[in-house]
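Source file: entry.txt; contents: compact mmCIF, C-alpha atoms.
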# COMPACT_ATOMS: atom_id res chain seq x y z
CA MET A 17 -104.43 -186.68 -260.31
CA PHE A 18 -102.27 -183.73 -261.33
CA LEU A 19 -99.04 -182.19 -260.14
CA ALA A 20 -99.47 -178.40 -260.31
CA LEU A 21 -96.43 -176.22 -260.98
CA VAL A 22 -96.88 -172.51 -260.30
CA GLY A 23 -94.67 -169.97 -262.06
CA ALA A 24 -92.22 -167.76 -260.21
CA TYR A 25 -93.24 -164.52 -258.54
CA PRO A 26 -90.01 -162.44 -258.58
CA LYS A 27 -91.73 -159.51 -256.87
CA ASP A 28 -91.67 -161.65 -253.72
CA SER A 29 -88.34 -163.30 -252.92
CA ASP A 30 -90.18 -166.04 -250.96
CA SER A 31 -91.77 -167.25 -254.21
CA ILE A 32 -89.04 -166.70 -256.78
CA PHE A 33 -88.63 -170.45 -257.38
CA GLY A 34 -92.33 -171.08 -257.92
CA HIS A 35 -94.57 -173.49 -256.04
CA VAL A 36 -95.85 -177.03 -256.42
CA PHE A 37 -98.92 -178.88 -255.08
CA LEU A 38 -101.17 -181.86 -255.87
CA VAL A 39 -104.68 -181.82 -257.36
CA TYR A 40 -107.05 -184.79 -257.33
CA ALA A 41 -110.72 -185.47 -258.05
CA PRO A 42 -113.22 -185.64 -255.18
CA GLU A 43 -115.65 -188.54 -254.88
CA ASN A 44 -118.12 -186.66 -257.07
CA LYS A 45 -116.03 -186.62 -260.25
CA ASN A 46 -118.65 -184.74 -262.25
CA ILE A 47 -117.96 -181.38 -260.60
CA SER A 48 -115.92 -178.64 -262.26
CA PHE A 49 -112.14 -179.06 -262.34
CA LEU A 50 -111.76 -175.78 -260.42
CA ASN A 51 -113.58 -177.46 -257.51
CA TRP A 52 -111.23 -180.44 -257.33
CA ASN A 53 -109.24 -180.99 -254.14
CA VAL A 54 -105.78 -179.53 -253.56
CA VAL A 55 -103.11 -180.91 -251.22
CA ASN A 56 -100.81 -178.03 -250.48
CA PHE A 57 -97.69 -178.57 -248.34
CA ALA A 58 -97.03 -175.15 -246.82
CA ALA A 59 -95.72 -173.47 -243.69
CA ASP A 60 -98.06 -172.01 -241.09
CA ILE A 61 -97.01 -168.33 -240.99
CA SER A 62 -100.27 -167.00 -239.61
CA LYS A 63 -98.72 -165.66 -236.38
CA VAL A 64 -95.27 -164.70 -237.60
CA LYS A 65 -94.00 -161.12 -237.49
CA TRP A 66 -92.56 -159.72 -240.70
CA TYR A 67 -89.09 -159.32 -239.15
CA GLU A 68 -89.06 -163.01 -238.11
CA MET A 69 -89.93 -164.40 -241.55
CA TYR A 70 -86.50 -164.97 -243.07
CA TYR A 71 -84.69 -165.99 -239.89
CA LYS A 72 -87.29 -168.59 -239.00
CA GLY A 73 -87.70 -169.70 -242.61
CA ILE A 74 -84.00 -170.41 -243.02
CA ASN A 75 -83.43 -171.94 -239.58
CA GLY A 76 -86.58 -174.02 -239.31
CA GLY A 77 -88.83 -171.97 -237.07
CA PHE A 78 -92.06 -172.91 -238.89
CA ASN A 79 -94.28 -175.96 -238.90
CA ALA A 80 -95.79 -177.10 -242.18
CA TYR A 81 -98.95 -179.08 -242.85
CA TYR A 82 -100.60 -180.85 -245.78
CA TYR A 83 -103.51 -178.43 -246.19
CA LYS A 84 -106.64 -179.42 -248.14
CA MET A 85 -108.64 -176.83 -250.05
CA SER A 86 -110.44 -176.19 -253.34
CA LEU A 87 -108.40 -175.63 -256.48
CA SER A 88 -110.34 -172.41 -257.13
CA GLU A 89 -108.69 -170.86 -254.03
CA LYS A 90 -105.20 -171.48 -255.44
CA VAL A 91 -106.21 -170.29 -258.91
CA ASN A 92 -107.54 -167.01 -257.49
CA GLU A 93 -104.32 -166.54 -255.53
CA TYR A 94 -101.75 -167.46 -258.16
CA ALA A 95 -103.26 -166.95 -261.61
CA GLY A 96 -105.30 -163.99 -260.40
CA ASN A 97 -103.72 -161.62 -257.91
CA GLU A 98 -100.10 -162.64 -258.48
CA THR A 99 -100.43 -163.10 -262.27
CA ARG A 100 -98.60 -166.43 -262.37
CA ASP A 101 -99.15 -169.24 -264.86
CA ILE A 102 -100.08 -172.67 -263.50
CA ARG A 103 -99.17 -175.90 -265.28
CA PHE A 104 -100.99 -179.15 -264.53
CA PHE A 105 -99.03 -182.37 -265.18
CA PRO A 106 -101.12 -185.57 -265.23
CA VAL A 107 -99.56 -188.04 -262.77
CA ILE A 108 -99.27 -191.65 -263.91
CA LEU A 109 -100.21 -193.92 -260.98
CA SER A 110 -102.25 -197.03 -260.27
CA LYS A 111 -105.43 -197.24 -258.19
CA GLY A 112 -103.45 -198.95 -255.46
CA GLU A 113 -100.86 -196.16 -255.41
CA PHE A 114 -103.59 -193.51 -255.29
CA SER A 115 -105.27 -195.29 -252.35
CA LYS A 116 -101.92 -195.46 -250.55
CA LEU A 117 -101.41 -191.72 -251.17
CA THR A 118 -104.82 -190.73 -249.78
CA GLU A 119 -104.32 -192.95 -246.72
CA LYS A 120 -100.93 -191.40 -246.09
CA LEU A 121 -102.42 -187.91 -246.33
CA LYS A 122 -105.08 -188.82 -243.76
CA GLU A 123 -102.34 -189.96 -241.36
CA LEU A 124 -100.47 -186.66 -241.79
CA GLU A 125 -103.53 -184.40 -241.88
CA ASP A 126 -102.83 -182.57 -238.59
CA GLU A 127 -99.22 -183.54 -238.05
CA PRO A 128 -96.75 -180.61 -237.86
CA ILE A 129 -93.61 -181.03 -239.98
CA PRO A 130 -90.55 -178.76 -239.60
CA TYR A 131 -90.30 -176.43 -242.60
CA LYS A 132 -87.29 -174.60 -244.03
CA PHE A 133 -87.20 -172.29 -247.05
CA PHE A 134 -84.29 -174.08 -248.70
CA THR A 135 -83.90 -177.57 -247.25
CA TYR A 136 -87.50 -178.73 -246.61
CA ASN A 137 -90.03 -176.69 -248.53
CA CYS A 138 -93.08 -177.30 -250.73
CA ALA A 139 -90.96 -179.31 -253.20
CA ASP A 140 -89.58 -181.63 -250.51
CA GLY A 141 -92.96 -182.15 -248.84
CA THR A 142 -94.73 -182.89 -252.13
CA TYR A 143 -92.03 -185.23 -253.42
CA GLN A 144 -91.80 -187.07 -250.08
CA ILE A 145 -95.50 -187.95 -250.04
CA LEU A 146 -95.23 -189.22 -253.62
CA TYR A 147 -92.07 -191.20 -252.80
CA GLU A 148 -93.86 -192.94 -249.94
CA SER A 149 -96.90 -193.76 -252.11
CA LEU A 150 -95.59 -194.53 -255.61
CA GLU A 151 -93.48 -197.56 -256.43
CA ASN A 152 -90.00 -197.42 -257.95
CA ILE A 153 -89.31 -193.72 -257.75
CA PRO A 154 -85.96 -192.76 -256.16
CA LYS A 155 -85.55 -191.09 -252.81
CA SER A 156 -84.52 -187.44 -253.08
CA THR A 157 -80.79 -186.93 -252.58
CA LYS A 158 -80.73 -183.18 -253.19
CA LYS A 159 -80.00 -180.97 -250.22
CA ILE A 160 -81.83 -178.09 -251.88
CA MET A 161 -84.87 -179.06 -253.95
CA ALA A 162 -86.89 -176.64 -256.06
CA PRO A 163 -90.38 -177.16 -257.57
CA LEU A 164 -88.83 -177.68 -261.01
CA ASP A 165 -86.74 -180.54 -259.59
CA VAL A 166 -89.93 -182.40 -258.62
CA VAL A 167 -91.15 -182.13 -262.20
CA SER A 168 -87.78 -183.22 -263.64
CA TRP A 169 -87.47 -186.25 -261.36
CA LEU A 170 -90.99 -187.48 -262.02
CA PHE A 171 -90.58 -186.94 -265.77
CA THR A 172 -87.32 -188.89 -265.72
CA ASN A 173 -89.08 -191.77 -263.98
CA HIS A 174 -92.00 -191.70 -266.48
CA ARG A 175 -94.55 -190.61 -263.89
CA LEU A 176 -95.77 -187.44 -265.62
CA GLU A 177 -97.47 -186.68 -268.93
CA GLU A 178 -97.23 -183.47 -270.94
CA PRO A 179 -98.81 -180.54 -269.06
CA TYR A 180 -101.86 -178.36 -269.47
CA MET A 181 -101.52 -174.68 -268.73
CA LEU A 182 -103.79 -172.18 -267.01
CA PRO A 183 -102.45 -168.79 -268.16
CA ALA A 184 -102.39 -165.96 -265.66
CA LEU A 185 -105.42 -163.67 -265.54
CA MET A 186 -103.75 -160.86 -267.46
CA GLU A 187 -102.70 -163.27 -270.21
CA ARG A 188 -106.29 -164.48 -270.59
CA ILE A 189 -107.70 -160.97 -270.65
CA GLN A 190 -105.20 -159.90 -273.30
CA LYS A 191 -106.28 -162.81 -275.51
CA THR A 192 -110.01 -162.12 -275.06
CA THR A 193 -111.22 -160.49 -278.28
CA ASP A 194 -114.27 -158.88 -276.68
CA ASN A 195 -113.62 -155.86 -274.41
CA GLU A 196 -116.81 -156.42 -272.42
CA GLN A 197 -115.83 -160.01 -271.68
CA ALA A 198 -112.38 -158.83 -270.53
CA ASP A 199 -113.96 -156.22 -268.23
CA LEU A 200 -116.33 -158.78 -266.74
CA GLU A 201 -113.56 -161.31 -266.06
CA PHE A 202 -111.48 -158.68 -264.29
CA MET A 203 -114.41 -157.51 -262.13
CA GLU A 204 -115.32 -161.08 -261.20
CA TRP A 205 -111.73 -161.65 -260.13
CA GLN A 206 -111.81 -158.44 -258.04
CA ASN A 207 -114.86 -159.74 -256.18
CA LYS A 208 -113.00 -162.92 -255.20
CA GLN A 209 -110.16 -161.18 -253.39
CA THR A 210 -109.95 -161.87 -249.67
CA LYS A 211 -110.26 -158.28 -248.42
CA VAL A 212 -112.46 -156.81 -251.12
CA LEU A 213 -115.16 -154.34 -250.06
CA HIS A 214 -118.65 -154.45 -251.53
CA ASN A 215 -118.89 -152.06 -254.44
CA GLN A 216 -122.45 -151.39 -255.66
CA THR A 217 -121.24 -149.57 -258.78
CA ARG A 218 -119.13 -152.56 -259.78
CA GLU A 219 -122.03 -154.96 -259.17
CA GLU A 220 -124.32 -152.89 -261.40
CA LYS A 221 -121.67 -152.71 -264.11
CA MET A 222 -121.20 -156.50 -263.98
CA ALA A 223 -124.95 -157.03 -264.36
CA GLN A 224 -124.97 -154.79 -267.43
CA LEU A 225 -122.02 -156.65 -268.94
CA ARG A 226 -123.62 -160.06 -268.36
CA HIS A 227 -126.82 -158.90 -270.05
CA SER A 228 -124.91 -157.44 -273.00
CA LEU A 229 -122.81 -160.59 -273.43
CA SER A 230 -125.90 -162.80 -273.31
CA GLN A 231 -127.12 -161.04 -276.45
CA LYS A 232 -124.07 -161.86 -278.54
CA LYS A 233 -121.58 -164.63 -279.19
CA VAL A 234 -118.14 -164.03 -277.69
CA ASN A 235 -114.94 -165.84 -278.64
CA ARG A 236 -113.74 -166.52 -275.13
CA PRO A 237 -110.34 -168.26 -274.90
CA GLU A 238 -110.17 -171.59 -273.14
CA MET A 239 -108.95 -171.27 -269.54
CA ILE A 240 -106.90 -174.47 -269.51
CA VAL A 241 -105.09 -175.52 -272.69
CA PRO A 242 -102.37 -178.06 -273.60
CA ASP A 243 -98.91 -176.58 -273.08
CA GLN A 244 -97.06 -177.43 -276.27
CA LYS A 245 -93.96 -175.35 -275.42
CA TRP A 246 -92.93 -177.04 -272.18
CA THR A 247 -89.19 -177.73 -272.05
CA ASP A 248 -87.11 -178.88 -269.14
CA PRO A 249 -85.01 -175.86 -268.09
CA HIS A 250 -81.25 -175.67 -267.69
CA GLY A 251 -79.43 -176.67 -264.54
CA ILE A 252 -78.49 -173.79 -262.24
CA SER A 253 -74.69 -174.12 -262.68
CA ARG A 254 -72.92 -173.13 -265.91
CA VAL A 255 -69.45 -173.58 -267.41
CA GLU A 256 -68.64 -171.55 -270.52
CA ILE A 257 -65.70 -172.15 -272.90
CA GLY A 258 -65.01 -170.10 -276.02
CA MET A 259 -63.06 -167.20 -277.45
CA ILE A 260 -63.14 -163.41 -277.56
CA HIS A 261 -62.07 -161.40 -280.59
CA ALA A 262 -60.99 -157.85 -279.70
CA GLY A 263 -59.10 -155.58 -282.11
CA ASN A 264 -56.54 -157.71 -283.90
CA GLY A 265 -56.26 -160.37 -281.24
CA ILE A 266 -58.10 -163.52 -280.22
CA SER A 267 -58.14 -164.77 -276.65
CA GLY A 268 -59.48 -167.86 -275.00
CA ASN A 269 -62.36 -167.44 -272.57
CA ILE A 270 -63.50 -169.59 -269.65
CA GLY A 271 -66.47 -168.70 -267.46
CA PHE A 272 -67.99 -170.39 -264.43
CA ARG A 273 -71.20 -169.53 -262.63
CA PRO A 274 -72.03 -171.65 -259.54
CA PHE A 275 -75.70 -170.55 -259.61
CA LEU A 276 -78.41 -169.44 -260.56
CA HIS A 277 -79.44 -167.82 -263.88
CA ASP A 278 -79.36 -164.72 -266.09
CA GLN A 279 -81.52 -163.33 -268.88
CA THR A 280 -79.70 -165.29 -271.59
CA ASP A 281 -80.48 -168.70 -270.05
CA ASN A 282 -83.50 -170.92 -270.55
CA GLN A 283 -84.75 -170.86 -266.96
CA HIS A 284 -88.41 -171.34 -267.79
CA PHE A 285 -90.42 -168.78 -265.83
CA PHE A 286 -87.25 -166.72 -265.31
CA SER A 287 -86.39 -166.66 -269.03
CA GLY A 288 -85.62 -163.14 -270.17
CA VAL A 289 -87.13 -161.45 -267.12
CA SER A 290 -84.84 -162.17 -264.21
CA THR A 291 -81.17 -162.44 -263.24
CA LEU A 292 -79.79 -163.77 -259.97
CA GLU A 293 -76.05 -164.55 -260.00
CA ILE A 294 -73.50 -164.94 -257.22
CA LEU A 295 -69.74 -165.28 -257.71
CA SER A 296 -69.83 -165.64 -261.49
CA THR A 297 -66.27 -165.54 -262.88
CA ASN A 298 -64.73 -165.02 -266.32
CA LEU A 299 -61.08 -165.76 -267.23
CA ILE A 300 -59.06 -164.64 -270.27
CA ILE A 301 -56.35 -166.90 -271.71
CA GLN A 302 -53.58 -165.24 -273.78
CA GLU A 303 -50.62 -167.39 -274.81
CA ASN A 304 -49.32 -168.75 -271.48
CA ASN A 305 -51.07 -166.18 -269.33
CA ILE A 306 -54.41 -166.61 -267.56
CA SER A 307 -55.97 -163.49 -266.03
CA MET A 308 -59.21 -162.67 -264.25
CA HIS A 309 -61.32 -160.59 -266.62
CA GLN A 310 -64.48 -160.30 -264.57
CA ILE A 311 -66.05 -161.51 -261.35
CA ASP A 312 -69.70 -160.76 -260.63
CA ILE A 313 -69.89 -160.86 -256.85
CA PHE A 314 -73.63 -160.29 -256.85
CA HIS A 315 -76.12 -159.44 -259.60
CA THR A 316 -79.89 -159.36 -259.35
CA ARG A 317 -82.30 -157.98 -261.93
CA SER A 318 -86.08 -158.18 -262.29
CA THR A 319 -88.01 -156.85 -265.27
CA GLN A 320 -91.40 -158.48 -264.76
CA ILE A 321 -94.37 -156.96 -266.60
CA TYR A 322 -97.71 -156.81 -264.81
CA ASP A 323 -101.03 -155.03 -265.09
CA ASN A 324 -100.02 -151.64 -263.66
CA TRP A 325 -97.06 -149.29 -263.41
CA PHE A 326 -96.12 -150.00 -259.81
CA ARG A 327 -96.01 -153.78 -260.16
CA SER A 328 -94.04 -153.46 -263.41
CA LEU A 329 -91.19 -151.48 -261.85
CA SER A 330 -87.85 -152.97 -262.87
CA TYR A 331 -84.58 -152.94 -260.98
CA ASP A 332 -80.95 -153.95 -261.41
CA ILE A 333 -78.34 -154.23 -258.63
CA TYR A 334 -74.77 -155.25 -259.46
CA ALA A 335 -71.44 -155.44 -257.63
CA GLY A 336 -68.32 -156.84 -259.23
CA ILE A 337 -64.79 -156.36 -260.56
CA ILE A 338 -64.02 -155.90 -264.28
CA ASP A 339 -60.39 -155.69 -265.46
CA ASN A 340 -59.24 -155.07 -261.87
CA LYS A 341 -61.65 -152.14 -261.46
CA TYR A 342 -64.63 -152.39 -259.16
CA LYS A 343 -68.09 -151.54 -260.40
CA VAL A 344 -71.35 -151.01 -258.50
CA ASN A 345 -74.62 -150.45 -260.40
CA ILE A 346 -78.06 -149.49 -259.17
CA GLY A 347 -80.87 -149.11 -261.71
CA MET A 348 -84.60 -148.51 -261.49
CA GLY A 349 -87.12 -148.22 -264.30
CA ARG A 350 -90.06 -149.72 -266.16
CA SER A 351 -90.66 -152.60 -268.56
CA PHE A 352 -93.42 -153.12 -271.10
CA TYR A 353 -94.24 -155.27 -274.13
CA LEU A 354 -93.56 -154.10 -277.68
CA ALA A 355 -95.19 -157.27 -279.00
CA LYS A 356 -97.07 -160.04 -277.19
CA ASN A 357 -96.84 -162.94 -279.64
CA PRO A 358 -93.97 -163.65 -279.35
CA LYS A 359 -93.34 -161.64 -276.20
CA ILE A 360 -90.84 -158.94 -277.11
CA ALA A 361 -90.15 -156.67 -274.13
CA MET A 362 -88.48 -153.31 -273.76
CA GLU A 363 -86.74 -152.48 -270.50
CA PHE A 364 -85.75 -148.92 -269.52
CA LEU A 365 -83.71 -148.22 -266.38
CA LEU A 366 -82.16 -145.07 -264.96
CA LEU A 367 -78.64 -145.98 -263.81
CA ASP A 368 -76.28 -144.78 -261.14
CA SER A 369 -72.94 -146.53 -261.68
CA LEU A 370 -69.86 -146.23 -259.46
CA ARG A 371 -66.76 -147.30 -261.41
CA ASN A 372 -63.43 -147.30 -259.62
CA GLY A 373 -64.34 -144.25 -257.56
CA THR A 374 -65.99 -142.24 -260.34
CA ASN A 375 -69.74 -141.87 -260.45
CA HIS A 376 -71.57 -142.30 -263.76
CA VAL A 377 -75.24 -141.41 -264.28
CA GLY A 378 -77.44 -142.22 -267.24
CA PHE A 379 -79.78 -144.88 -268.57
CA GLU A 380 -79.92 -148.33 -270.06
CA THR A 381 -82.50 -149.82 -272.40
CA GLN A 382 -82.83 -153.38 -273.63
CA ILE A 383 -85.11 -155.13 -276.10
CA LEU A 384 -85.28 -158.89 -275.74
CA LYS A 385 -87.42 -161.98 -276.09
CA HIS A 386 -89.33 -163.03 -272.97
CA THR A 387 -90.84 -166.18 -274.48
CA ILE A 388 -89.57 -169.57 -273.34
CA GLY A 389 -87.77 -171.42 -276.13
CA LYS A 390 -84.53 -172.78 -277.52
CA PHE A 391 -83.63 -169.52 -279.29
CA ARG A 392 -83.29 -166.29 -277.30
CA TYR A 393 -81.93 -162.88 -278.22
CA GLY A 394 -81.62 -159.29 -277.08
CA ILE A 395 -80.02 -155.91 -277.80
CA ARG A 396 -78.86 -153.44 -275.14
CA TYR A 397 -77.84 -149.79 -275.17
CA GLU A 398 -76.15 -147.94 -272.27
CA HIS A 399 -75.62 -144.17 -272.18
CA LEU A 400 -73.77 -142.74 -269.16
CA TYR A 401 -72.21 -139.39 -268.21
CA LYS A 402 -69.02 -139.36 -266.15
CA GLY A 403 -69.36 -137.29 -262.95
CA ILE A 404 -70.49 -133.71 -263.57
CA THR A 405 -68.64 -133.46 -266.89
CA ASN A 406 -70.07 -133.91 -270.37
CA GLU A 407 -67.82 -136.89 -270.98
CA LYS A 408 -69.97 -139.73 -272.23
CA TRP A 409 -69.61 -143.49 -272.10
CA ILE A 410 -71.78 -145.40 -274.58
CA ARG A 411 -72.04 -149.12 -275.19
CA PHE A 412 -74.16 -151.10 -277.62
CA SER A 413 -74.39 -154.89 -277.52
CA SER A 414 -76.43 -157.68 -279.04
CA TRP A 415 -76.58 -161.34 -277.99
CA PHE A 416 -78.00 -164.63 -279.22
CA ALA A 417 -78.40 -167.91 -277.31
CA TYR A 418 -79.44 -171.29 -278.71
CA ASP A 419 -79.98 -174.57 -276.84
CA LEU A 420 -78.60 -177.74 -278.41
CA ASN A 421 -80.27 -179.69 -275.60
CA ARG A 422 -80.92 -179.30 -271.87
CA ASN A 423 -77.20 -179.42 -271.00
CA TYR A 424 -75.48 -177.70 -273.92
CA GLY A 425 -76.01 -174.35 -275.60
CA LEU A 426 -74.32 -171.83 -277.89
CA PHE A 427 -73.84 -168.15 -277.09
CA LEU A 428 -72.76 -165.21 -279.28
CA GLU A 429 -72.34 -161.59 -278.19
CA LYS A 430 -71.15 -158.52 -280.13
CA THR A 431 -70.23 -155.34 -278.21
CA LEU A 432 -69.22 -151.82 -279.28
CA ASP A 433 -68.42 -148.95 -276.93
CA SER A 434 -67.38 -145.28 -277.09
CA ASN A 435 -63.72 -146.20 -276.46
CA GLU A 436 -63.76 -147.77 -279.92
CA LYS A 437 -63.42 -151.17 -278.38
CA GLY A 438 -65.36 -153.76 -280.28
CA THR A 439 -65.47 -157.36 -279.04
CA THR A 440 -67.06 -160.54 -280.29
CA LYS A 441 -67.60 -163.40 -277.86
CA MET A 442 -68.44 -166.93 -279.00
CA SER A 443 -68.80 -169.80 -276.56
CA VAL A 444 -70.25 -173.20 -275.78
CA ARG A 445 -72.15 -173.44 -272.51
CA TYR A 446 -72.58 -176.51 -270.34
CA TYR A 447 -75.34 -176.52 -267.70
CA PHE A 448 -75.55 -178.91 -264.77
Let's see the structure in the file written out as C-alpha cells.
Amino acid sequence: MFLALVGAYPKDSDSIFGHVFLVYAPENKNISFLNWNVVNFAADISKVKWYEMYYKGINGGFNAYYYKMSLSEKVNEYAGNETRDIRFFPVILSKGEFSKLTEKLKELEDEPIPYKFFTYNCADGTYQILYESLENIPKSTKKIMAPLDVVSWLFTNHRLEEPYMLPALMERIQKTTDNEQADLEFMEWQNKQTKVLHNQTREEKMAQLRHSLSQKKVNRPEMIVPDQKWTDPHGISRVEIGMIHAGNGISGNIGFRPFLHDQTDNQHFFSGVSTLEILSTNLIIQENNISMHQIDIFHTRSTQIYDNWFRSLSYDIYAGIIDNKYKVNIGMGRSFYLAKNPKIAMEFLLLDSLRNGTNHVGFETQILKHTIGKFRYGIRYEHLYKGITNEKWIRFSSWFAYDLNRNYGLFLEKTLDSNEKGTTKMSVRYYF
C-alpha cells in the first residue's frame, strides 16, 4: 500500500496545500500499477454553486466520502491536466492491519462525513482511517492538518519508506529526448480529458506517430522513479534573529511570521514559486530602543510555470507598513525557465505601487532557484517611476538561504537602492 502526496496547485486556492490519498493493490496483483485501487477522502461538491463553495467549505456545508476509483483517474487529473507531481510513499503495515483497514473502509463506504476545508479535510480523513487501523500511531491533535502533516507524522512513527515520484506530464515531456514520443504522450493525455471532443485529425496523427516510433528505439523516461531529493519541509511559523548593517551602523533585527511561507523558505512544492504571508513583523533594535521596521499585513505571490502563457501568468499582491509608511503593491506578469536542471526561473511583473499616497509605476524582475533543496538563492531588480515625473526609484537585492536542518536555517540578504542606501541583513531562522 502507498500513501500518495499530490503537489500544490496554486492556481486554485482550494488546492494550494496539495492533496493526499491511499493506493493499494487489487486482488489481481499482476495488473499495472496505474490500475491499482485508490481510496480518496473528498467532499461531494457535485451540486454546489460556485458562490457557495467557500462559505460551505469553511463552515461545514459539505459531506465527504471515502471514494474508490482507479489510480489512472487521479494521475490523469493531477499529473496531467493540473501539472502536479505525485509522490508515492510505501506504507509499512502488517497483514492484520491491512485487513482491518479494508474492513473499516467497507463500513464507511457510503457513510457521509462532515467536511471542512481547514478542520476536517483530505488530510484528516486519510489520517483518521490509518489511526483506526494501524497500531501505535498517535491520535491527531492538530486543529488544522495539511497533507504534509500526514507524511511527517507517519514518517516520525516509522510507518513510511522513502517515496517514488511520478513527475507531472510537462516534466516528463520535457525529459523525453524524442519529439515524436513527446507529441504522442501529449495527444494521448488530451484524449483522456473528461470533456474532450473526438478529433479525427488528432487520431490520424497519433496513428502516424505510433507507426514511426515502432520503427525506431526511443529513450523514454521512466514514469515513476525513486525520489532521492525528498526532504521534510519547514514548519509554517518562523522566528528570525540577526543583525542589519546600514551605512556606518549595525542594528539588531527580530522578525516573526505566524504563517505560512515565502520564496526564501523550503516549503517543498511552494519552494521558490509561491508566497503567502499574513501579519509578518520585523523589529529593529538600536541601543535601548526597539522600533517597528516593517509589518506585512498581507502578501501573496504566485509565479508558477506551466505549459502555456495563460496558466503561467504571475501575480503579486502586497499590503503593509515600512518605516511608518504604508505600501500597497499590485503586480502582474509572466514567469519562465532560464534553465531546467536545476530549475532556474525568471519572473517579470509590471508593478503599480502606492507608497504613502504617491503612486509608482514600473516593473520588477527576479531570477531564482525553483528546485527543492537546502540551498536557495535569488536576485531581484525593481525599477519604478514616481507619479508622472521622471523621478526614478531603483532597488537591487540578492539573497541566499541555507537549511542547517528542518528547524534551523541561515539567511543573508544584500540590498542597494537609488537613495544610496545599502543594507546587509544576516540572520538565523527558527521554524516551528
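When atom CA of A:Tyr331 is paired with atom CA of A:Val377, their separation reads 15.2 Å.
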Original post:
So which one's closest to A:Thr280, A:Phe364, A:Trp205, A:Phe416, A:Trp325? Using only C-alpha atoms, please.
Top reply: A:Phe416
Leaving out A:Ile252 and any residue of its chain fewer than 6 positions from it, which residues lie within 8 Å of it when counting only C-alpha atoms, given as an mmCIF file with C-alpha atoms, keeping the file's coordinate frame?
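Result went into result36.cif, see below:
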data_model
loop_
_atom_site.group_PDB
_atom_site.id
_atom_site.type_symbol
_atom_site.label_atom_id
_atom_site.label_comp_id
_atom_site.auth_asym_id
_atom_site.auth_seq_id
_atom_site.Cartn_x
_atom_site.Cartn_y
_atom_site.Cartn_z
ATOM 1 C CA PRO A 274 -72.030 -171.650 -259.540
ATOM 2 C CA PHE A 275 -75.700 -170.550 -259.610
ATOM 3 C CA LEU A 276 -78.410 -169.440 -260.560
ATOM 4 C CA HIS A 277 -79.440 -167.820 -263.880
ATOM 5 C CA TYR A 447 -75.340 -176.520 -267.700
ATOM 6 C CA PHE A 448 -75.550 -178.910 -264.770
#
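In terms of minimum interatomic distance to A:Asn282, A:Arg254 ranks closest within A:Lys221, A:Arg371, A:Arg226, A:Arg254, counting only C-alpha atoms.
As for atom CA of A:Trp415 and atom CA of A:Glu380, they are spaced 15.6 Å apart.
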Subject >> Residues near A:Gly76, cut-off 6 Å, only C-alpha atoms, skip fewer than 2 positions along chain, as a PyMOL selection string >> reply: chain A and resi 72-74+78+131-132
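Across the model, the gap from atom CA of A:His250 to atom CA of A:Ser168 is 10.8 Å.
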**OP:** May I have the residues within 10 Å of stretch 80-83 of chain A as a ChimeraX atom specification, using only C-alpha atoms and disregarding those fewer than 4 positions away in the same chain?
**Re:** /A:37,54-61,121-122,124-132,136-138,141-142,145
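Using only C-alpha atoms, the residues found no farther than 9 Å from A:Glu98, other than those of its own chain fewer than 6 positions away, are Tyr25, Asn92, Ala184, Leu185 and Tyr322 of chain A.
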Subject >> Residue nearest A:Asn269 among A:Asp101, A:Glu89, A:Glu429, A:Glu256 (counting only C-alpha atoms) >> reply: A:Glu256
**OP:** Would you please work out which residue, of A:Val166, A:Ile311, A:Ile260, A:Ile360, is nearest to A:His386 when using all atoms listed in the file?
**Re:** A:Ile360
Subject >> Nearby residues, (-85.3, -156.1, -274.9) file frame, 10 Å, all atoms listed in the file, as a ChimeraX atom specification >> reply: /A:288-289,351-354,359-364,381-386,393-397,414
